[in-house]
Each structure stands twice: as C-alpha cells, then as structure tokens.
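Below: run.cif (mmCIF, C-alpha atoms)
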data_coords
loop_
_atom_site.group_PDB
_atom_site.id
_atom_site.type_symbol
_atom_site.label_atom_id
_atom_site.label_comp_id
_atom_site.auth_asym_id
_atom_site.auth_seq_id
_atom_site.Cartn_x
_atom_site.Cartn_y
_atom_site.Cartn_z
ATOM 1 C CA MET A 1 -8.183 18.971 2.485
ATOM 2 C CA LEU A 2 -5.442 20.764 4.324
ATOM 3 C CA VAL A 3 -3.126 22.570 1.918
ATOM 4 C CA ILE A 4 0.383 23.530 3.020
ATOM 5 C CA ARG A 5 3.056 25.212 0.915
ATOM 6 C CA ARG A 6 6.567 23.883 1.426
ATOM 7 C CA HIS A 7 9.980 24.505 -0.142
ATOM 8 C CA PRO A 8 12.420 21.741 -0.986
ATOM 9 C CA GLY A 9 14.151 20.668 2.217
ATOM 10 C CA GLU A 10 11.138 21.496 4.362
ATOM 11 C CA SER A 11 8.826 18.903 5.798
ATOM 12 C CA ILE A 12 5.482 18.318 7.441
ATOM 13 C CA GLN A 13 4.696 16.154 10.405
ATOM 14 C CA ILE A 14 1.670 13.849 10.605
ATOM 15 C CA GLY A 15 0.900 12.718 14.116
ATOM 16 C CA GLU A 16 3.783 11.859 16.409
ATOM 17 C CA ASP A 17 5.897 9.719 14.145
ATOM 18 C CA VAL A 18 5.282 10.361 10.444
ATOM 19 C CA GLU A 19 7.329 12.963 8.635
ATOM 20 C CA ILE A 20 7.129 13.838 4.951
ATOM 21 C CA ARG A 21 9.943 15.893 3.512
ATOM 22 C CA VAL A 22 10.045 17.596 0.135
ATOM 23 C CA ILE A 23 13.379 16.559 -1.316
ATOM 24 C CA GLU A 24 13.172 18.226 -4.698
ATOM 25 C CA CYS A 25 10.611 19.499 -7.139
ATOM 26 C CA GLY A 26 10.533 20.628 -10.721
ATOM 27 C CA ASN A 27 9.580 19.307 -14.146
ATOM 28 C CA GLY A 28 6.039 18.793 -12.920
ATOM 29 C CA ARG A 29 7.140 16.252 -10.313
ATOM 30 C CA VAL A 30 7.872 16.257 -6.616
ATOM 31 C CA LYS A 31 10.297 13.931 -4.856
ATOM 32 C CA LEU A 32 9.182 13.168 -1.303
ATOM 33 C CA GLY A 33 10.893 11.416 1.546
ATOM 34 C CA VAL A 34 8.730 9.645 4.110
ATOM 35 C CA THR A 35 9.888 8.714 7.594
ATOM 36 C CA ALA A 36 7.395 6.455 9.349
ATOM 37 C CA PRO A 37 7.390 3.532 11.762
ATOM 38 C CA GLN A 38 7.292 0.004 10.318
ATOM 39 C CA ARG A 39 3.619 -0.486 11.179
ATOM 40 C CA VAL A 40 2.575 2.405 8.936
ATOM 41 C CA GLN A 41 2.209 1.224 5.345
ATOM 42 C CA VAL A 42 3.525 3.737 2.860
ATOM 43 C CA MET A 43 2.782 3.258 -0.823
ATOM 44 C CA ARG A 44 1.849 5.230 -3.885
ATOM 45 C CA SER A 45 -1.929 5.640 -4.132
ATOM 46 C CA GLU A 46 -2.132 3.794 -7.444
ATOM 47 C CA VAL A 47 -0.301 0.824 -5.913
ATOM 48 C CA LYS A 48 -2.861 0.805 -3.124
ATOM 49 C CA SER A 49 -5.777 0.758 -5.565
ATOM 50 C CA THR A 50 -4.089 -1.937 -7.667
ATOM 51 C CA ARG A 51 -3.495 -3.975 -4.519
ATOM 52 C CA GLU A 52 -7.142 -3.682 -3.452
ATOM 53 C CA GLN A 53 -8.278 -4.607 -6.943
ATOM 54 C CA ASN A 54 -5.976 -7.655 -6.989
ATOM 55 C CA LEU A 55 -7.311 -8.862 -3.642
ATOM 56 C CA LEU A 56 -10.836 -8.595 -5.016
ATOM 57 C CA ALA A 57 -9.915 -10.215 -8.338
ATOM 58 C CA ALA A 58 -8.284 -13.167 -6.580
ATOM 59 C CA ARG A 59 -11.736 -14.202 -5.406
ATOM 60 C CA ALA A 60 -13.185 -14.417 -8.934
ATOM 61 C CA LEU A 61 -12.750 -18.188 -9.212
ATOM 62 C CA GLN A 62 -14.347 -19.429 -6.051
ATOM 63 C CA ASP A 63 -17.185 -21.526 -7.425
ATOM 64 C CA GLY A 64 -15.183 -24.584 -8.474
ATOM 65 C CA LYS A 65 -16.944 -24.805 -11.826
ATOM 66 C CA TYR A 66 -13.686 -25.425 -13.668
ATOM 67 C CA LEU A 67 -12.620 -28.321 -11.461
ATOM 68 C CA GLY A 68 -11.415 -31.213 -13.585
ATOM 69 C CA GLN A 69 -11.572 -29.241 -16.851
ATOM 70 C CA GLU A 70 -9.033 -30.025 -19.518
ATOM 71 C CA MET A 71 -6.987 -26.823 -19.265
ATOM 72 C CA LYS A 72 -4.497 -25.915 -21.986
ATOM 73 C CA PHE A 73 -1.475 -23.685 -21.849
ATOM 74 C CA ARG A 74 -2.153 -20.286 -23.273
ATOM 75 C CA ASN A 75 0.173 -18.884 -25.903
ATOM 76 C CA LEU A 76 0.687 -15.329 -24.753
ATOM 77 C CA ALA A 77 1.897 -14.039 -28.101
ATOM 78 C CA ILE A 78 -1.648 -14.313 -29.418
ATOM 79 C CA GLN A 79 -3.756 -11.241 -28.805
ATOM 80 C CA GLY A 80 -7.366 -10.588 -29.559
ATOM 81 C CA SER A 81 -10.471 -12.615 -29.005
ATOM 82 C CA GLY A 82 -8.713 -15.955 -28.693
ATOM 83 C CA GLU A 83 -10.451 -17.549 -31.647
ATOM 84 C CA GLY A 84 -8.690 -20.455 -33.297
ATOM 85 C CA ALA A 85 -5.553 -22.360 -32.458
ATOM 86 C CA ASP A 86 -3.722 -20.398 -29.824
ATOM 87 C CA THR A 87 -2.340 -23.012 -27.511
ATOM 88 C CA PHE A 88 1.134 -24.345 -27.130
ATOM 89 C CA SER A 89 1.606 -27.734 -28.711
ATOM 90 C CA LYS A 90 1.949 -29.532 -25.406
ATOM 91 C CA PRO A 91 -1.376 -30.499 -23.905
ATOM 92 C CA GLY A 92 -2.234 -29.541 -20.368
ATOM 93 C CA GLY A 93 -4.858 -30.847 -18.034
ATOM 94 C CA GLU A 94 -3.306 -34.122 -16.980
ATOM 95 C CA ARG A 95 -5.842 -36.036 -14.948
ATOM 96 C CA MET B 1 6.156 -31.459 -13.094
ATOM 97 C CA THR B 2 2.558 -31.557 -11.973
ATOM 98 C CA PHE B 3 0.853 -28.932 -9.863
ATOM 99 C CA SER B 4 -2.415 -29.450 -8.080
ATOM 100 C CA SER B 5 -4.653 -26.431 -8.515
ATOM 101 C CA ALA B 6 -7.559 -25.886 -6.178
ATOM 102 C CA HIS B 7 -9.601 -24.818 -9.208
ATOM 103 C CA PHE B 8 -8.656 -27.277 -11.927
ATOM 104 C CA GLY B 9 -7.168 -30.260 -10.143
ATOM 105 C CA PRO B 10 -3.778 -31.628 -11.239
ATOM 106 C CA ILE B 11 -2.217 -29.783 -14.171
ATOM 107 C CA ALA B 12 0.938 -30.740 -16.024
ATOM 108 C CA VAL B 13 3.305 -27.781 -15.873
ATOM 109 C CA ASP B 14 5.202 -26.922 -19.025
ATOM 110 C CA GLU B 15 8.225 -24.975 -17.775
ATOM 111 C CA ASP B 16 8.359 -23.132 -21.094
ATOM 112 C CA SER B 17 4.955 -21.633 -20.370
ATOM 113 C CA VAL B 18 5.628 -20.424 -16.842
ATOM 114 C CA ILE B 19 5.679 -16.664 -16.398
ATOM 115 C CA GLU B 20 7.762 -15.110 -13.682
ATOM 116 C CA PHE B 21 6.969 -11.923 -11.754
ATOM 117 C CA PRO B 22 10.284 -10.963 -10.138
ATOM 118 C CA GLU B 23 8.426 -8.612 -7.763
ATOM 119 C CA GLY B 24 5.136 -10.464 -7.441
ATOM 120 C CA LEU B 25 1.928 -8.448 -7.760
ATOM 121 C CA PRO B 26 0.671 -5.769 -5.354
ATOM 122 C CA GLY B 27 -1.038 -7.680 -2.573
ATOM 123 C CA PHE B 28 0.716 -10.898 -3.640
ATOM 124 C CA GLU B 29 4.356 -9.887 -3.478
ATOM 125 C CA GLU B 30 5.535 -13.392 -2.626
ATOM 126 C CA ARG B 31 3.799 -15.028 -5.600
ATOM 127 C CA ARG B 32 6.298 -15.099 -8.424
ATOM 128 C CA ARG B 33 5.449 -18.004 -10.719
ATOM 129 C CA PHE B 34 2.201 -18.274 -12.654
ATOM 130 C CA LEU B 35 0.981 -20.546 -15.404
ATOM 131 C CA PRO B 36 -1.299 -19.074 -18.093
ATOM 132 C CA LEU B 37 -4.073 -21.510 -18.939
ATOM 133 C CA GLN B 38 -7.202 -21.510 -20.982
ATOM 134 C CA ALA B 39 -10.341 -23.571 -20.797
ATOM 135 C CA PRO B 40 -11.359 -25.180 -24.100
ATOM 136 C CA ASP B 41 -14.830 -23.672 -24.048
ATOM 137 C CA GLN B 42 -13.653 -20.190 -23.088
ATOM 138 C CA SER B 43 -10.606 -19.615 -25.215
ATOM 139 C CA GLY B 44 -10.683 -15.832 -24.760
ATOM 140 C CA LEU B 45 -10.171 -15.991 -21.019
ATOM 141 C CA VAL B 46 -6.723 -16.427 -19.533
ATOM 142 C CA PHE B 47 -6.439 -18.155 -16.183
ATOM 143 C CA LEU B 48 -3.308 -17.113 -14.331
ATOM 144 C CA GLN B 49 -2.732 -19.970 -11.910
ATOM 145 C CA SER B 50 -0.156 -19.393 -9.187
ATOM 146 C CA LEU B 51 2.327 -22.255 -8.950
ATOM 147 C CA GLU B 52 3.021 -21.407 -5.316
ATOM 148 C CA CYS B 53 -0.523 -21.194 -4.002
ATOM 149 C CA ALA B 54 -3.093 -23.727 -5.182
ATOM 150 C CA GLU B 55 -6.011 -21.409 -4.384
ATOM 151 C CA LEU B 56 -4.661 -18.354 -6.188
ATOM 152 C CA CYS B 57 -5.817 -17.977 -9.761
ATOM 153 C CA PHE B 58 -6.565 -14.714 -11.507
ATOM 154 C CA LEU B 59 -8.880 -14.416 -14.449
ATOM 155 C CA ALA B 60 -7.678 -12.100 -17.173
ATOM 156 C CA LEU B 61 -8.436 -10.976 -20.689
ATOM 157 C CA PRO B 62 -5.979 -9.737 -23.273
ATOM 158 C CA ALA B 63 -6.182 -5.959 -22.952
ATOM 159 C CA ARG B 64 -6.930 -5.647 -26.663
ATOM 160 C CA THR B 65 -9.900 -7.962 -26.343
ATOM 161 C CA VAL B 66 -11.385 -5.338 -24.072
ATOM 162 C CA ARG B 67 -10.074 -2.240 -25.884
ATOM 163 C CA PRO B 68 -8.833 -3.001 -29.415
ATOM 164 C CA ASP B 69 -6.699 0.170 -29.460
ATOM 165 C CA TYR B 70 -4.995 -0.532 -26.135
ATOM 166 C CA GLU B 71 -1.299 0.310 -25.880
ATOM 167 C CA VAL B 72 0.947 -0.328 -22.899
ATOM 168 C CA MET B 73 2.708 2.500 -21.109
ATOM 169 C CA LEU B 74 5.638 1.567 -18.901
ATOM 170 C CA THR B 75 7.562 3.408 -16.231
ATOM 171 C CA PRO B 76 11.377 3.237 -16.431
ATOM 172 C CA GLU B 77 11.306 0.878 -13.421
ATOM 173 C CA ASP B 78 8.965 -1.557 -15.174
ATOM 174 C CA ARG B 79 11.042 -1.379 -18.361
ATOM 175 C CA GLN B 80 14.028 -2.362 -16.284
ATOM 176 C CA ILE B 81 12.269 -5.367 -14.748
ATOM 177 C CA LEU B 82 11.194 -6.507 -18.208
ATOM 178 C CA ALA B 83 14.653 -5.737 -19.648
ATOM 179 C CA LEU B 84 13.068 -3.720 -22.431
ATOM 180 C CA PRO B 85 15.221 -0.955 -23.893
ATOM 181 C CA GLY B 86 14.000 2.604 -23.380
ATOM 182 C CA GLY B 87 12.365 4.576 -26.132
ATOM 183 C CA GLY B 88 9.367 3.448 -28.138
ATOM 184 C CA THR B 89 6.246 1.717 -26.946
ATOM 185 C CA PRO B 90 6.608 -2.073 -26.758
ATOM 186 C CA VAL B 91 4.353 -3.698 -29.341
ATOM 187 C CA ILE B 92 1.567 -5.868 -27.980
ATOM 188 C CA GLY B 93 1.681 -9.302 -29.574
ATOM 189 C CA GLN B 94 5.265 -8.816 -30.708
ATOM 190 C CA ASP B 95 7.366 -7.635 -27.745
ATOM 191 C CA VAL B 96 4.899 -8.065 -24.922
ATOM 192 C CA ALA B 97 1.544 -9.507 -24.003
ATOM 193 C CA ALA B 98 -0.819 -7.320 -21.989
ATOM 194 C CA LEU B 99 -3.466 -8.938 -19.821
ATOM 195 C CA ALA B 100 -6.157 -7.095 -17.905
ATOM 196 C CA ILE B 101 -7.118 -8.782 -14.649
ATOM 197 C CA LEU B 102 -10.831 -9.375 -14.330
ATOM 198 C CA SER B 103 -12.850 -8.769 -11.174
ATOM 199 C CA LEU B 104 -16.050 -10.701 -10.725
ATOM 200 C CA ALA B 105 -18.081 -10.120 -7.631
ATOM 201 C CA GLU B 106 -21.686 -11.169 -7.286
ATOM 202 C CA GLU B 107 -23.005 -7.834 -6.232
ATOM 203 C CA ARG B 108 -21.073 -5.856 -8.855
ATOM 204 C CA GLU B 109 -20.699 -5.549 -12.593
ATOM 205 C CA PRO B 110 -17.566 -7.298 -13.885
ATOM 206 C CA THR B 111 -14.656 -4.925 -14.366
ATOM 207 C CA VAL B 112 -11.166 -5.166 -15.797
ATOM 208 C CA ASN B 113 -8.058 -3.465 -14.546
ATOM 209 C CA LEU B 114 -6.671 -1.550 -17.505
ATOM 210 C CA ARG B 115 -4.749 0.865 -15.287
ATOM 211 C CA SER B 116 -2.421 -1.925 -14.118
ATOM 212 C CA PRO B 117 -2.157 -4.556 -16.846
ATOM 213 C CA VAL B 118 0.015 -7.616 -16.471
ATOM 214 C CA VAL B 119 2.728 -7.009 -19.053
ATOM 215 C CA ILE B 120 4.689 -10.085 -20.082
ATOM 216 C CA HIS B 121 7.870 -10.048 -22.134
ATOM 217 C CA ILE B 122 7.061 -12.603 -24.813
ATOM 218 C CA GLY B 123 10.667 -13.681 -25.284
ATOM 219 C CA THR B 124 11.605 -14.220 -21.646
ATOM 220 C CA ARG B 125 8.144 -14.571 -20.029
ATOM 221 C CA VAL B 126 9.247 -12.164 -17.319
ATOM 222 C CA ALA B 127 6.221 -10.197 -16.185
ATOM 223 C CA VAL B 128 5.262 -7.184 -14.157
ATOM 224 C CA GLN B 129 1.964 -5.671 -13.172
ATOM 225 C CA ALA B 130 2.676 -2.337 -14.781
ATOM 226 C CA ILE B 131 0.760 0.512 -13.190
ATOM 227 C CA ARG B 132 0.370 3.119 -15.902
ATOM 228 C CA PRO B 133 1.940 6.466 -15.086
ATOM 229 C CA ASP B 134 -0.944 8.186 -16.860
ATOM 230 C CA GLU B 135 -4.620 8.021 -15.982
ATOM 231 C CA SER B 136 -6.187 7.100 -19.317
ATOM 232 C CA TYR B 137 -7.597 3.943 -17.747
ATOM 233 C CA GLN B 138 -8.912 3.011 -14.331
ATOM 234 C CA CYS B 139 -8.440 -0.050 -12.124
ATOM 235 C CA ARG B 140 -12.141 -0.749 -12.547
ATOM 236 C CA GLU B 141 -13.054 -0.350 -16.206
ATOM 237 C CA PRO B 142 -16.435 -1.780 -17.152
ATOM 238 C CA LEU B 143 -16.396 -4.621 -19.618
ATOM 239 C CA MET B 144 -18.070 -3.385 -22.749
ATOM 240 C CA ALA B 145 -20.750 -5.458 -24.429
ATOM 241 C CA GLY B 146 -19.658 -7.483 -27.423
ATOM 242 C CA THR B 147 -16.213 -8.459 -26.187
ATOM 243 C CA GLY B 148 -17.159 -12.101 -26.207
ATOM 244 C CA GLU B 149 -16.599 -12.285 -22.500
ATOM 245 C CA PRO B 150 -19.134 -14.715 -21.034
ATOM 246 C CA ALA B 151 -19.329 -12.886 -17.722
ATOM 247 C CA CYS B 152 -21.095 -10.098 -19.601
ATOM 248 C CA SER B 153 -24.055 -12.192 -20.561
#

Structure re-expressed in structure tokens:
Amino acid sequence: MLVIRRHPGESIQIGEDVEIRVIECGNGRVKLGVTAPQRVQVMRSEVKSTREQNLLAARALQDGKYLGQEMKFRNLAIQGSGEGADTFSKPGGER
Amino acid sequence: MTFSSAHFGPIAVDEDSVIEFPEGLPGFEERRRFLPLQAPDQSGLVFLQSLECAELCFLALPARTVRPDYEVMLTPEDRQILALPGGGTPVIGQDVAALAILSLAEEREPTVNLRSPVVIHIGTRVAVQAIRPDESYQCREPLMAGTGEPACS
C-alpha cells in the first residue's frame, strides 16, 4: 500500500481525473473531499461490502419452494425465535 | 391491494404492515416498500418482499435470534432517517426491530449480515439498512448452530 502524508487542504491525485482532498482532520476522524467523473463510483467501503452482500442475499429465494404458501404478515415488534402467535390479526396469503 | 410475488404468488397487502425505506438499500436504492411476511412452518424467518419488484425478496432473521445479546448502533444520519432522538441506544423490540439479512448460496455456508442490520422504527415502520459505525460484527457472520434456523441443518 502506498502511504502518503498530507495536511488539511492538501490533496492527492489518482490517475488523470480523480482527486482526493483532505478537508479536515481531528478527533480520530478525517473529512475527505473526492472529485471524480460520474462513471467512477465513490462510496464508503462498508457501503460497498453491504451492497455486495445485498446483491448476493437477493438470490437466496430462487428455488420457488414457497410458491403458493399461505404467507402471514410478520409482526416486527416480536423479537426472538418467533415461537407462538406473532402475526398481525389480518391473514395474508390470498389465493 | 394485492401484490403478485414471484415467490409466493398473490399476497394481500396490509398497508399497516408495509415498511418503507426512504433511501432504499445499498444495491437496491430504488426499492422503498417492503412487506414482512412469514411462512407458517418457518415462523422464525422473515421474508422481506419488495412491493415494487416481484422477484425481489430478502430472507432475514431477527438479529437477536442469531445473537441474543445484539444491540443496534446507529449513525446520526440513520437516526435522522428513523426520526429517533439522539442519545441512548434504541431498544430492540420496543423502539425498533432489527433484522439480519440472510445469504444462502449453494457453494457457501449460510451467513447473516450483522454489520448492516435492517432497523425498523416500530411505531412508524420507517426503515434503514443501518451500517454499524463500529466493527463488532461483519457482513458475513456465520449462523451459529442451535438458532432454529432451518438452513443450518
């Protein structure tokens, strides 16, 4: 990994058209400004990993084994293993 | 209103159950409305069916099903989306619900995303996928044995 020391107000250049500027630092945090063309996606690393995980997770239900099941609405106030009556009173799964 | 899900067929939509993600989810920014469902034989699992895309349905587990001591940790931005006042930790089951999205892939062990739980304000059903500012949990946490999750067996 390339390590560069910069002061607030200074910047680094990546390639021809990406610039990252240190806007301020302190309190254990750094505020960065990124200038990049539209085609370059800029996001926090944890958003990127969450995004990748979501795209993978969206494929979990591909086998169709729940097709036609009597689904019920889930009461979100109930936490834990889901034992017992934890549905809303209105039935779901109209067929 | 009835919605036709690619996974379950037609489902009657109870507007009072719909949860709303004002900013969508990373990777699905345009998907704002989801319906939490459960199958009668798998009452622990939560199916988050998109009401805008028939094919999109996440599987999730309450975070405390996976880790009984789980607490949410919100950034100021996420607190603002949920309209939760600053200060103390929102209480799971009282202020918010916390769901961990499940990943099932044939070639891999099932994992849950405890780094970025879906946090739902119980009163308003406004939700956000809240990426924790700390690193106590990962996006791919293994499901521990004995959680009652059928995918484990």

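Rounded to one decimal, atom CA of B:Phe28 and atom CA of B:Asp16 lie 22.6 Å from each other.
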
> Evaluating the PyMOL selection byres ((chain B and resi 111) around 9) on the displayed file yields which residues, as number ranges by chain?
Replying inline: B: 101-104, 108-110, 112-113, 139-143

How would the residues just picked look written out with C-alpha atoms as an mmCIF file, in the coordinates of the input?
data_model
loop_
_atom_site.group_PDB
_atom_site.id
_atom_site.type_symbol
_atom_site.label_atom_id
_atom_site.label_comp_id
_atom_site.auth_asym_id
_atom_site.auth_seq_id
_atom_site.Cartn_x
_atom_site.Cartn_y
_atom_site.Cartn_z
ATOM 1 C CA ILE B 101 -7.118 -8.782 -14.649
ATOM 2 C CA LEU B 102 -10.831 -9.375 -14.330
ATOM 3 C CA SER B 103 -12.850 -8.769 -11.174
ATOM 4 C CA LEU B 104 -16.050 -10.701 -10.725
ATOM 5 C CA ARG B 108 -21.073 -5.856 -8.855
ATOM 6 C CA GLU B 109 -20.699 -5.549 -12.593
ATOM 7 C CA PRO B 110 -17.566 -7.298 -13.885
ATOM 8 C CA VAL B 112 -11.166 -5.166 -15.797
ATOM 9 C CA ASN B 113 -8.058 -3.465 -14.546
ATOM 10 C CA CYS B 139 -8.440 -0.050 -12.124
ATOM 11 C CA ARG B 140 -12.141 -0.749 -12.547
ATOM 12 C CA GLU B 141 -13.054 -0.350 -16.206
ATOM 13 C CA PRO B 142 -16.435 -1.780 -17.152
ATOM 14 C CA LEU B 143 -16.396 -4.621 -19.618
#

>> Residues near A:Gln69, anyone? I mean within 9 Å using only C-alpha atoms, not counting same-chain ones fewer than 4 positions away, as a count of residues only.
In response: 6

>> With the PyMOL selection byres ((chain B) within 8 of (chain A)) as the selection, what would be picked from this file? Answer as a PyMOL selection string, please.
In response: chain B and resi 6-14+17+25-27+35-40+43-46+56-59+62+64-65+68+92-94+96-97+101-105+113+116+122+131+139-140+147-148

For A:Pro37, work out the shell of residues within 7 Å, counting all atoms listed in the file and skipping chain neighbours fewer than 2 positions away, then give it as an mmCIF file with C-alpha atoms, keeping the file's coordinate frame.
data_model
loop_
_atom_site.group_PDB
_atom_site.id
_atom_site.type_symbol
_atom_site.label_atom_id
_atom_site.label_comp_id
_atom_site.auth_asym_id
_atom_site.auth_seq_id
_atom_site.Cartn_x
_atom_site.Cartn_y
_atom_site.Cartn_z
ATOM 1 C CA ASP A 17 5.897 9.719 14.145
ATOM 2 C CA ARG A 39 3.619 -0.486 11.179
ATOM 3 C CA VAL A 40 2.575 2.405 8.936
#

>> So the first atom is atom CA of B:Pro117 and the second is atom CA of A:Met43; what is the distance between them in Å, to one decimal place?
In response: 18.5 Å

Just need the box for stretch 129-138 of chain B, edges along x, y and z, holding every atom the file lists for it with 4 Å tacked onto each side, so centre and edge lengths in Å to one decimal, as lines of an AutoDock Vina configuration file.
center_x = -3.1
center_y = 1.3
center_z = -16.2
size_x = 19.6
size_y = 21.9
size_z = 14.1

>> Rounded to one decimal, what separation in Å do you get between atom CA of B:Asp41 and atom CA of B:Ala130?
In response: 29.1 Å

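This file gives the following result for the PyMOL selection byres ((chain B and resi 134) around 10): Met73, Leu74, Thr75, Arg115, Ile131, Arg132, Pro133, Glu135, Ser136, Tyr137 and Gln138 of chain B.
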
>> Which residue is closest to B:Ser4? Choose from B:Arg125, B:Gln42, B:Glu20, B:Cys53 and count all atoms listed in the file.
In response: B:Cys53

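Distances here use only C-alpha atoms; by that measure, the residue among B:Glu15, B:Val66, B:His121, B:Ala54 closest to B:Pro85 is B:His121.
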
> Closest to B:Val18 among B:Asp95, B:Tyr70, B:Ala127, B:Ala83, using all atoms listed in the file?
Replying inline: B:Ala127
